[in-house]
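Dumped start.cif below, it's mmCIF, C-alpha atoms (C1' of nucleotides):
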data_structure
#
loop_
_atom_site.label_atom_id
_atom_site.label_comp_id
_atom_site.auth_asym_id
_atom_site.auth_seq_id
_atom_site.Cartn_x
_atom_site.Cartn_y
_atom_site.Cartn_z
CA MET A 1 -12.30 -14.10 13.85
CA SER A 2 -9.19 -12.48 12.37
CA LEU A 3 -9.55 -10.52 9.15
CA THR A 4 -6.69 -9.08 7.10
CA ILE A 5 -7.20 -6.35 4.50
CA ALA A 6 -4.44 -5.31 2.09
CA THR A 7 -4.28 -2.35 -0.29
CA TRP A 8 -1.84 -1.89 -3.17
CA ASN A 9 -1.55 0.43 -6.15
CA ILE A 10 -0.33 -2.22 -8.58
CA ASN A 11 0.26 -0.10 -11.73
CA SER A 12 -1.22 -2.69 -14.11
CA VAL A 13 -2.52 -5.92 -12.58
CA ARG A 14 -1.75 -7.89 -15.75
CA PHE A 15 1.86 -6.73 -16.16
CA ARG A 16 2.56 -7.36 -12.46
CA ILE A 17 0.51 -10.51 -11.93
CA ASP A 18 3.65 -12.39 -10.77
CA ILE A 19 4.20 -10.12 -7.78
CA VAL A 20 0.46 -10.10 -7.05
CA GLU A 21 0.72 -13.90 -6.76
CA ARG A 22 3.75 -13.48 -4.53
CA LEU A 23 1.65 -11.38 -2.14
CA LEU A 24 -1.20 -13.89 -2.25
CA MET A 25 1.10 -16.85 -1.56
CA HIS A 26 3.26 -15.33 1.16
CA HIS A 27 0.88 -12.93 2.90
CA ALA A 28 -2.54 -14.25 1.90
CA PRO A 29 -4.68 -11.30 2.99
CA ASP A 30 -8.37 -12.18 3.27
CA VAL A 31 -9.21 -9.13 1.17
CA LEU A 32 -6.96 -7.37 -1.37
CA CYS A 33 -7.84 -3.92 -2.71
CA LEU A 34 -5.96 -2.96 -5.87
CA GLN A 35 -5.74 0.42 -7.60
CA GLU A 36 -4.49 1.30 -11.09
CA THR A 37 -5.45 -2.10 -12.44
CA LYS A 38 -5.41 -0.65 -15.98
CA VAL A 39 -7.70 -3.30 -17.41
CA MET A 40 -11.24 -3.54 -18.72
CA ASP A 41 -13.51 -5.77 -16.64
CA ASP A 42 -13.80 -8.40 -19.39
CA ALA A 43 -10.00 -8.88 -19.40
CA PHE A 44 -9.47 -9.00 -15.63
CA PRO A 45 -7.31 -12.05 -14.66
CA HIS A 46 -9.94 -13.66 -12.41
CA ALA A 47 -8.66 -17.21 -12.96
CA ILE A 48 -5.28 -16.48 -11.38
CA PHE A 49 -6.91 -15.08 -8.25
CA ALA A 50 -9.25 -18.09 -8.10
CA ASP A 51 -6.21 -20.38 -8.23
CA HIS A 52 -5.12 -18.85 -4.93
CA GLY A 53 -8.53 -19.09 -3.29
CA TYR A 54 -9.81 -15.61 -4.13
CA HIS A 55 -13.22 -16.55 -5.53
CA TYR A 56 -15.02 -13.29 -4.77
CA SER A 57 -14.48 -9.89 -6.33
CA VAL A 58 -15.98 -6.53 -7.10
CA ILE A 59 -14.21 -4.67 -9.88
CA ASN A 60 -14.50 -1.29 -11.56
CA GLY A 61 -12.09 -1.13 -14.47
CA GLN A 62 -11.63 1.04 -17.50
CA ARG A 63 -9.52 1.15 -20.62
CA MET A 64 -5.84 2.11 -20.22
CA HIS A 65 -5.85 4.07 -16.98
CA HIS A 66 -7.04 3.91 -13.38
CA GLY A 67 -9.34 1.07 -12.35
CA VAL A 68 -9.91 -0.54 -8.93
CA ALA A 69 -10.56 -4.12 -7.88
CA THR A 70 -11.35 -5.77 -4.54
CA LEU A 71 -10.57 -9.51 -4.38
CA SER A 72 -11.57 -11.73 -1.47
CA LYS A 73 -11.26 -15.22 -0.04
CA ILE A 74 -14.51 -14.72 1.85
CA PRO A 75 -17.88 -13.85 0.34
CA LEU A 76 -18.14 -10.26 -0.82
CA ILE A 77 -20.99 -8.39 -2.44
CA GLU A 78 -20.84 -5.08 -4.26
CA ASP A 79 -22.26 -2.27 -2.19
CA ASN A 80 -21.92 0.80 -4.38
CA ARG A 81 -19.58 2.63 -6.72
CA HIS A 82 -19.11 6.35 -7.07
CA ASP A 83 -17.73 8.61 -9.80
CA TRP A 84 -16.97 11.71 -7.77
CA GLN A 85 -15.59 13.57 -10.76
CA ASP A 86 -18.58 12.60 -12.93
CA ASN A 87 -16.20 11.98 -15.84
CA GLY A 88 -16.38 8.21 -16.22
CA GLU A 89 -13.07 7.41 -14.54
CA ALA A 90 -13.04 4.19 -12.48
CA ARG A 91 -11.75 5.24 -9.08
CA HIS A 92 -13.98 3.61 -6.48
CA VAL A 93 -15.74 0.39 -5.66
CA GLY A 94 -17.43 -0.51 -2.40
CA ALA A 95 -18.13 -3.95 -0.98
CA ARG A 96 -19.73 -5.53 2.03
CA LEU A 97 -18.67 -8.67 3.93
CA PRO A 98 -21.11 -11.17 5.48
CA ASN A 99 -20.50 -9.65 8.93
CA GLY A 100 -21.61 -6.26 7.58
CA LEU A 101 -18.20 -4.63 7.37
CA ARG A 102 -17.96 -2.25 4.43
CA ILE A 103 -14.71 -1.99 2.50
CA GLU A 104 -14.35 1.11 0.33
CA ASN A 105 -11.52 0.97 -2.24
CA VAL A 106 -10.52 4.41 -3.56
CA TYR A 107 -8.03 5.81 -6.07
CA VAL A 108 -7.83 9.60 -5.66
CA PRO A 109 -6.62 11.49 -8.78
CA ALA A 110 -2.92 12.38 -8.78
CA GLY A 111 -3.64 16.02 -9.56
CA GLY A 112 -1.14 16.87 -12.28
CA ASP A 113 2.12 18.76 -11.95
CA THR A 114 1.29 22.28 -10.82
CA PRO A 115 -0.55 22.95 -7.53
CA ASP A 116 -2.67 25.74 -9.01
CA ALA A 117 -6.17 24.98 -10.28
CA THR A 118 -6.21 28.08 -12.51
CA VAL A 119 -3.41 26.74 -14.72
CA ASN A 120 -3.81 23.02 -13.96
CA PRO A 121 -7.44 21.81 -13.99
CA LYS A 122 -6.39 18.39 -12.70
CA PHE A 123 -5.41 19.94 -9.38
CA GLY A 124 -8.87 21.44 -8.95
CA GLN A 125 -10.45 18.12 -9.92
CA LYS A 126 -8.40 16.37 -7.23
CA LEU A 127 -9.57 18.81 -4.55
CA ALA A 128 -13.19 18.53 -5.75
CA PHE A 129 -12.92 14.73 -5.68
CA VAL A 130 -11.83 14.79 -2.03
CA GLU A 131 -14.54 17.32 -1.13
CA ARG A 132 -17.27 15.15 -2.70
CA MET A 133 -15.85 12.14 -0.87
CA THR A 134 -16.15 14.17 2.31
CA ARG A 135 -19.89 14.78 1.79
CA TRP A 136 -20.35 11.04 1.07
CA SER A 137 -18.22 9.98 4.04
CA GLU A 138 -20.43 11.85 6.49
CA SER A 139 -23.31 9.45 5.83
CA LEU A 140 -21.41 6.16 6.20
CA SER A 141 -22.06 3.73 9.02
CA ASP A 142 -19.61 3.04 11.83
CA ASP A 143 -18.48 -0.32 10.47
CA THR A 144 -16.44 0.83 7.51
CA VAL A 145 -12.86 0.60 6.34
CA ILE A 146 -11.70 2.92 3.56
CA VAL A 147 -8.43 2.10 1.84
CA GLY A 148 -6.48 3.01 -1.22
CA ASP A 149 -4.16 5.40 -2.97
CA PHE A 150 -5.23 8.80 -1.65
CA ASN A 151 -2.32 10.51 -3.43
CA ILE A 152 -1.83 12.84 -0.44
CA ALA A 153 0.91 12.52 2.18
CA PRO A 154 -0.49 14.50 5.14
CA LEU A 155 2.23 14.61 7.80
CA GLU A 156 5.76 16.01 7.77
CA CYS A 157 7.07 12.52 8.52
CA ASP A 158 5.03 11.12 5.60
CA VAL A 159 7.54 12.58 3.10
CA TRP A 160 11.31 12.48 2.76
CA ASN A 161 11.64 16.28 2.99
CA HIS A 162 8.70 18.33 4.23
CA LYS A 163 10.02 21.74 3.20
CA ALA A 164 11.11 20.57 -0.24
CA LEU A 165 7.65 19.11 -0.92
CA LEU A 166 5.42 21.93 0.33
CA ASP A 167 4.90 23.08 -3.26
CA VAL A 168 4.82 19.60 -4.78
CA VAL A 169 1.44 18.08 -5.58
CA SER A 170 0.68 15.40 -2.92
CA HIS A 171 1.96 17.39 0.07
CA THR A 172 0.70 20.96 -0.44
CA PRO A 173 -1.13 22.61 2.47
CA VAL A 174 -4.42 22.84 0.52
CA GLU A 175 -4.38 19.10 -0.20
CA VAL A 176 -3.46 18.28 3.40
CA ALA A 177 -6.35 20.47 4.58
CA ALA A 178 -8.78 18.74 2.23
CA LEU A 179 -7.66 15.33 3.50
CA ALA A 180 -8.00 16.52 7.10
CA ALA A 181 -11.59 17.60 6.41
CA LEU A 182 -12.32 14.17 4.94
CA GLN A 183 -10.81 12.48 7.97
CA GLN A 184 -12.83 14.63 10.38
CA SER A 185 -16.08 13.99 8.50
CA HIS A 186 -16.33 10.46 9.91
CA ASP A 187 -13.72 10.47 12.68
CA TRP A 188 -11.66 8.14 10.51
CA VAL A 189 -8.73 6.54 12.32
CA ASP A 190 -5.53 6.56 10.25
CA LEU A 191 -4.33 3.06 11.08
CA GLY A 192 -0.87 3.69 9.67
CA ARG A 193 -0.28 6.42 12.21
CA HIS A 194 -2.22 4.56 14.93
CA PHE A 195 0.36 1.78 14.76
CA VAL A 196 3.38 3.83 13.62
CA PRO A 197 3.01 7.18 15.41
CA PRO A 198 4.79 10.36 14.29
CA PRO A 199 7.57 11.30 13.97
CA GLU A 200 8.59 7.86 12.71
CA ARG A 201 9.23 7.71 8.99
CA LEU A 202 6.53 5.77 7.09
CA PHE A 203 6.39 5.68 3.26
CA THR A 204 4.39 3.62 0.75
CA TRP A 205 5.68 5.03 -2.57
CA TRP A 206 9.09 5.67 -4.10
CA SER A 207 9.60 7.12 -7.60
CA TYR A 208 10.78 4.90 -10.44
CA ARG A 209 13.29 7.63 -11.33
CA ALA A 210 15.66 7.17 -8.43
CA ALA A 211 18.77 5.19 -9.34
CA ASP A 212 18.56 3.45 -5.93
CA TRP A 213 15.19 3.95 -4.24
CA ARG A 214 16.35 2.52 -0.92
CA LEU A 215 19.57 4.53 -0.79
CA SER A 216 17.99 7.88 -1.69
CA ASP A 217 14.77 6.98 0.23
CA ARG A 218 12.81 9.86 -1.25
CA GLY A 219 9.51 8.27 -0.33
CA ARG A 220 6.02 9.48 0.44
CA ARG A 221 3.06 7.93 2.31
CA LEU A 222 0.40 8.21 -0.39
CA ASP A 223 -1.57 5.05 0.44
CA HIS A 224 -3.75 4.73 3.50
CA ILE A 225 -5.97 2.42 5.52
CA TRP A 226 -8.59 4.31 7.51
CA ALA A 227 -11.17 2.72 9.82
CA SER A 228 -14.33 4.14 11.36
CA PRO A 229 -14.08 4.32 15.15
CA ALA A 230 -15.78 0.98 15.86
CA ALA A 231 -13.78 -0.82 13.18
CA ALA A 232 -10.58 0.83 14.43
CA ARG A 233 -11.16 -0.60 17.90
CA ALA A 234 -10.97 -4.06 16.31
CA ALA A 235 -7.64 -3.36 14.57
CA THR A 236 -4.78 -5.39 16.01
CA ALA A 237 -1.87 -4.97 13.56
CA PHE A 238 -0.59 -2.96 10.63
CA GLU A 239 2.30 -3.55 8.27
CA VAL A 240 3.84 -1.83 5.24
CA LEU A 241 5.60 -4.36 2.99
CA GLU A 242 8.46 -2.07 2.07
CA ASP A 243 10.49 -4.97 0.63
CA ALA A 244 7.92 -5.29 -2.16
CA ARG A 245 9.51 -2.23 -3.78
CA ASP A 246 12.34 -4.65 -4.72
CA TRP A 247 10.19 -7.50 -6.00
CA GLY A 248 10.65 -8.30 -9.70
CA LYS A 249 9.15 -5.67 -12.01
CA PRO A 250 7.92 -3.72 -8.97
CA SER A 251 5.11 -1.25 -8.64
CA ASP A 252 6.26 2.17 -7.42
CA HIS A 253 3.81 1.64 -4.51
CA VAL A 254 4.09 -1.13 -1.90
CA PRO A 255 1.27 -3.08 -0.20
CA GLN A 256 0.10 -2.47 3.32
CA ILE A 257 -1.93 -4.88 5.42
CA ALA A 258 -4.16 -4.25 8.44
CA THR A 259 -5.43 -6.99 10.76
CA PHE A 260 -8.76 -6.85 12.59
CA ASP A 261 -10.22 -9.09 15.29
CA LEU A 262 -13.93 -9.03 14.54
"C1'" DA B 263 19.33 16.31 -9.16
"C1'" DT B 264 11.21 16.21 -8.74
"C1'" DG B 265 12.50 13.79 -12.91
"C1'" DG B 266 16.75 10.76 -14.41
"C1'" DC B 267 11.22 5.96 -15.28
"C1'" DT B 268 7.09 3.19 -16.22
"C1'" DG B 269 2.79 0.71 -18.68
"C1'" DG B 270 -0.76 1.00 -22.19
"C1'" DT B 271 -1.73 1.97 -26.60
"C1'" DA B 272 -0.75 3.10 -31.02
"C1'" DG B 273 2.36 2.55 -34.13
"C1'" DA B 274 4.16 9.24 -31.14
"C1'" DA B 275 8.07 14.42 -31.47
"C1'" DC B 276 1.78 9.90 -27.39
"C1'" DC B 277 -0.59 10.09 -22.40
"C1'" DA B 278 -0.70 9.68 -17.45
"C1'" DG B 279 1.36 8.77 -13.19
"C1'" DA B 280 3.11 11.88 -8.70
#

Encoding of this model in structure tokens:
Amino acid sequence: MSLTIATWNINSVRFRIDIVERLLMHHAPDVLCLQETKVMDDAFPHAIFADHGYHYSVINGQRMHHGVATLSKIPLIEDNRHDWQDNGEARHVGARLPNGLRIENVYVPAGGDTPDATVNPKFGQKLAFVERMTRWSESLSDDTVIVGDFNIAPLECDVWNHKALLDVVSHTPVEVAALAALQQSHDWVDLGRHFVPPPERLFTWWSYRAADWRLSDRGRRLDHIWASPAAARAATAFEVLEDARDWGKPSDHVPQIATFDL
DNA sequence: ATGGCTGGTAGAACCAGA
């Protein structure tokens, strides 16, 4: 059976519900993991997803900021949810499919402006978040997919200019090292780079501030789909929907979709 | 020329994103 899993930082699921529907109609992933839903659970637009056949969901929302949601066309049950900062922010929800596959939907903190925890506490919180994820990741079973906005672009070819971004939060060596430790903790396979090997350019985010995002192409690969080794062996395809950056009222992130033959 | 923008919320000379 073929299974498709999409992930997308939507930057408000209510404001961008039209382009969410566009993804559902034209790409119809079996499972859609959203980050930055920016909505309380009691105001989540469940009816619109149900109209498109997405009758199952696990959501972890909060007021104003952050928030994650996993929507599905096939039965889905909540597995767990973690608050790795222990500050009440909604940045993770886990789910399990009938075949046992676990889908972990994560929104790693952005980390603020300055890559120095002594003057910018948010940067230290980001590193601590990833370290606590690493301890958790070690205990997961080998039938897991972890997706989301990790807010770290690890490789030189994951950013538009490696040298220019070495001191910019999202691509600093200490963040890249923390992400590498997380990846090693469960032998996670980075499906983006499994299907699009370095040094090919691969981005999932472009700033709203560019006059012409496609012309300047100052992108970063901040969003990821990782699979445990057994799940990765079932992966058959991977796609970044770069054109979604031009859809009406776009998110600054674009969706990516992985296909598995399970 | 890495902030030139953006949404949510309040009703900002705001916050957060990255």

Step by step, work through what the PyMOL selection byres ((chain B) within 8 of (chain A)) selects in the shown file, and finish by giving those residues as a PDB file with C-alpha atoms (C1' of nucleotides), keeping the file's coordinate frame.
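part-v6.pdb was written with the following content:
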ATOM      1  C1'  DG B 265      12.500  13.790 -12.910  1.00  0.00           C
ATOM      2  C1'  DG B 266      16.750  10.760 -14.410  1.00  0.00           C
ATOM      3  C1'  DC B 267      11.220   5.960 -15.280  1.00  0.00           C
ATOM      4  C1'  DT B 268       7.090   3.190 -16.220  1.00  0.00           C
ATOM      5  C1'  DG B 269       2.790   0.710 -18.680  1.00  0.00           C
ATOM      6  C1'  DG B 270      -0.760   1.000 -22.190  1.00  0.00           C
ATOM      7  C1'  DT B 271      -1.730   1.970 -26.600  1.00  0.00           C
ATOM      8  C1'  DA B 278      -0.700   9.680 -17.450  1.00  0.00           C
ATOM      9  C1'  DG B 279       1.360   8.770 -13.190  1.00  0.00           C
ATOM     10  C1'  DA B 280       3.110  11.880  -8.700  1.00  0.00           C
TER      11       DA B 280
END

Q. In Å to one decimal, how far is atom CA of Phe260 of chain A from atom CA of Asp187 of chain A?
A. 18.0 Å

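For the pair atom CA of Glu89 of chain A and atom CA of Phe129 of chain A, the interatomic distance is 11.5 Å.
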
Q. Atom CA of Trp84 of chain A to atom CA of Ala128 of chain A: how many Å, to one decimal?
A. 8.1 Å

Q. So which residues fall inside 10 Å of (1.2, -4.7, 3.9) if we count only C-alpha atoms (C1' of nucleotides)? Mind giving them as a VMD selection string?
A. chain A and resid 4 to 8 23 27 29 204 238 to 244 254 to 259

Q: Give the answer as one residue: which of A:Trp213, A:Lys249, A:Gly94, A:Lys122 has the shortest atom-to-atom distance to Arg16 of chain A, using only C-alpha atoms?
A: A:Lys249

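The neighbours of segment 19-21 of chain A here are the residues that come within 9 Å of it, using only C-alpha atoms (C1' of nucleotides) and leaving out any residue fewer than 6 positions away in the same chain; they are Ile10, Val13, Ile48, Phe49, His52, Ala244, Trp247, Gly248, Lys249, Pro250 and Ser251 of chain A.
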
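Here, the PyMOL selection byres ((chain A and resi 93) around 9) matches Val58, Ile59, Asn60, Val68, Ala69, Thr70, Glu78, Asp79, Asn80, Arg81, His82, Ala90, Arg91, His92, Gly94, Ala95, Ile103, Glu104, Asn105 and Val106 of chain A.
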
Using 8 Å of padding on each side, determine the axis-aligned box around all atoms of segment 133-137 of chain A present in the file and give its centre and edge lengths in Å to one decimal, as AutoDock Vina command-line options.
--center_x -18.1 --center_y 12.4 --center_z 1.6 --size_x 20.5 --size_y 20.8 --size_z 20.9

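You can rank A:Leu71, A:Leu182, A:Ala47, A:Leu76 by their closest distance to Ser139 of chain A using only C-alpha atoms, and at the top of that list sits A:Leu182.
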
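Proximity to Met1 of chain A at 10 Å, evaluated using all atoms listed in the file and with sequence-adjacent residues fewer than 2 positions away removed, yields Leu3, Phe260, Asp261 and Leu262 of chain A.
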